[in-house]
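Visitor: I am attaching a structure below and will ask some questions about it afterwards.
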Amino acid sequence: MTEQAILRQHAEQLFQQELEALREVDKRQRPANWALSPWAVCTYLMGGKLDNGFEVTPKYIGSRRLMEIAVATLTTDRALLLYGVPGTAKSWVSEHLAAAVSGDSTMVVQGTAGTSEEAMRYGWNYAQLLAHGPSRDALVESPLMRAMSQGKICRIEELTRIPSDVQDTLITVLSEKHLPIAELNDEVQAVRGFNVIATANNRDRGVNELSSALKRRFNTVILPTPATIEEEVNIVSKRVSDMGRALELPVEVNAIAEIQRVVTIFRELREGKTLDGKEKLKSPSATLSTAEAISVMNSGLSLAHHFGDGKLSASDLASGLIGAVVKDPVQDAVVWREYLETVVKERDGWKDVYRACRELS
């Protein structure tokens, strides 16, 4: 399959040129089995201009210090837990960290309520097992086991979604750096460079809370929502532009104005007040994350391109906005209608948003 046919390339493929440019100029000390030094990993995440003039694009827009703490954690014997509300780029940061550190972001355990101990540790090829009995050849390695033996980063997505007894299989791996294989009276020992990056969102608190023993094995970095509207608009604009190229959707020249309006709506409803702080608002049950703002914009661009005149308008964004805000058809609908009537309707230059949303409400 050609690269052009792949819908979404892995970070190490999509940003291969930047990673190679960083490797060429990176003369700093690299931990064992790291593709880049900690400084270069942080530069890859935050962006910057290299000494040879090459421009590295930012992957994370926010506090550099948070990224420095995350990268520094991976140089120690502590695992990294990226924690925050949905849509704060936890998985995005996790993928790019693994790509920059190991050159491979594909060793992933996706956490769900059905994630089993075999998915975390190892499984068996039952045809081989029945034919020849327990052996290394019959063993099916998990991403965690492969990362240990190759000295790479293993990513665990949605750690708190995983049942507590399965979570605790990590304790020995993270503390002793080996994974016992009881059936073979053997073990896999972690090669230098191995570590774990887990993600969890605080909306899942109480689902499957981490045990105190497991919490001690992680250094937690909380990824916040964007601090300012300018920062959030910048994030949405960059991601919409990147995804537009991947999906072959032309980005309208007036998209930045619509992005500002979508982000304004999300921030006001999320924070329960207007941007000027003069009016209190009810907040819906929806998260209204930056990721959802990106989704609303991409949906609007698709409507404008395929079913409109190509020019992005409020009517193209209205259905996406309503779908993002109104998750509960009763309570959220009331919150949304009140916001439309008291804020959107009265705001200068927003009559088109009001009319488009009222037509669909």
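By convention here, the chains of the structure tokens are called A, B, ... in the order presented, each chain's residues are numbered starting at 1, and ligands are numbered starting at 1 in the order presented.
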Contacts of range 142-146 of chain A at 10 Å or less, counting only C-alpha atoms, minus same-chain residues fewer than 5 places along, as a PyMOL selection string?
Guide: chain A and resi 106-109+117-123+151-156+170+173+178-179+188-190+194-196
Visitor: What does the file look like for those residues with C-alpha atoms, as a PDB file, in the first residue's frame?
Guide:
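Once written, part.pdb looks like this:
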```pdb
ATOM      1  CA  THR A 106       3.092   1.578  17.365  1.00  0.00           C
ATOM      2  CA  MET A 107       3.544  -0.446  20.562  1.00  0.00           C
ATOM      3  CA  VAL A 108       0.137   0.369  22.009  1.00  0.00           C
ATOM      4  CA  VAL A 109      -2.245  -1.305  24.452  1.00  0.00           C
ATOM      5  CA  GLU A 117      -4.325  -9.814  31.241  1.00  0.00           C
ATOM      6  CA  GLU A 118      -3.152 -11.521  28.036  1.00  0.00           C
ATOM      7  CA  ALA A 119      -3.344  -8.219  26.146  1.00  0.00           C
ATOM      8  CA  MET A 120      -1.145  -6.641  28.790  1.00  0.00           C
ATOM      9  CA  ARG A 121       1.327  -9.505  29.357  1.00  0.00           C
ATOM     10  CA  TYR A 122       1.316 -12.241  26.668  1.00  0.00           C
ATOM     11  CA  GLY A 123      -0.935 -14.788  25.032  1.00  0.00           C
ATOM     12  CA  GLY A 151      14.175  -1.184  24.810  1.00  0.00           C
ATOM     13  CA  LYS A 152      11.373   1.018  23.484  1.00  0.00           C
ATOM     14  CA  ILE A 153       8.339   2.946  24.722  1.00  0.00           C
ATOM     15  CA  CYS A 154       5.028   1.154  25.263  1.00  0.00           C
ATOM     16  CA  ARG A 155       1.912   3.329  25.198  1.00  0.00           C
ATOM     17  CA  ILE A 156      -1.139   2.389  27.271  1.00  0.00           C
ATOM     18  CA  LEU A 170       1.987  -3.567  35.527  1.00  0.00           C
ATOM     19  CA  VAL A 173       6.992  -4.662  35.223  1.00  0.00           C
ATOM     20  CA  HIS A 178      10.919  -7.866  34.281  1.00  0.00           C
ATOM     21  CA  LEU A 179       7.876  -9.836  33.157  1.00  0.00           C
ATOM     22  CA  VAL A 188      11.578 -11.174  29.930  1.00  0.00           C
ATOM     23  CA  GLN A 189      13.946  -8.556  31.281  1.00  0.00           C
ATOM     24  CA  ALA A 190      13.572  -4.962  30.152  1.00  0.00           C
ATOM     25  CA  PHE A 194      12.156   0.733  27.907  1.00  0.00           C
ATOM     26  CA  ASN A 195       9.451   2.763  29.593  1.00  0.00           C
ATOM     27  CA  VAL A 196       5.673   3.196  29.664  1.00  0.00           C
TER      28      VAL A 196
END
```
Visitor: Give the helix (DSSP H, G or I) residues of range 28-216 of chain A, as assigned by DSSP on the backbone, as a ChimeraX atom specification.
Guide: /A:38-46,64-74,90-102,117-120,126-132,143-150,159-161,164-167,170-176,182-184,202-204,212-215
Visitor: When distances are computed from only C-alpha atoms, which of A:Ser299, A:Thr57, A:Asn202, A:Gln13 shows the smallest separation from Glu95 in chain A?
Guide: A:Gln13
Visitor: Write out as a list in words each polymer residue whose atoms come within 12 Å of Gly277 in chain A, counting only C-alpha atoms; drop sequence neighbours fewer than 4 positions from it.
Guide: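 Those residues are Arg267, Glu268, Glu271, Gly272, Lys273 and Leu281 of chain A.
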Visitor: Mind writing the picked residues with N, CA and C atoms as a CSV table (one decimal), in the first residue's frame?
Guide:
```
chain,number,residue,atom,x,y,z
A,267,ARG,N,-15.5,27.8,24.7
A,267,ARG,CA,-14.9,28.3,26.0
A,267,ARG,C,-16.0,28.9,26.9
A,268,GLU,N,-16.9,29.6,26.4
A,268,GLU,CA,-17.9,30.3,27.2
A,268,GLU,C,-18.8,29.2,27.9
A,271,GLU,N,-16.7,27.2,30.5
A,271,GLU,CA,-16.3,27.9,31.7
A,271,GLU,C,-17.5,28.5,32.4
A,272,GLY,N,-18.7,28.5,31.8
A,272,GLY,CA,-19.9,29.0,32.5
A,272,GLY,C,-20.0,30.5,32.6
A,273,LYS,N,-19.4,31.2,31.7
A,273,LYS,CA,-19.4,32.6,31.7
A,273,LYS,C,-19.0,33.1,30.3
A,281,LEU,N,-23.3,31.7,32.7
A,281,LEU,CA,-24.0,30.8,31.8
A,281,LEU,C,-24.1,29.5,32.5
```
Visitor: Measure the distance from CA of Phe218 in chain A to CA of Met67 in chain A in Å and round it to one decimal.
Guide: 15.6 Å
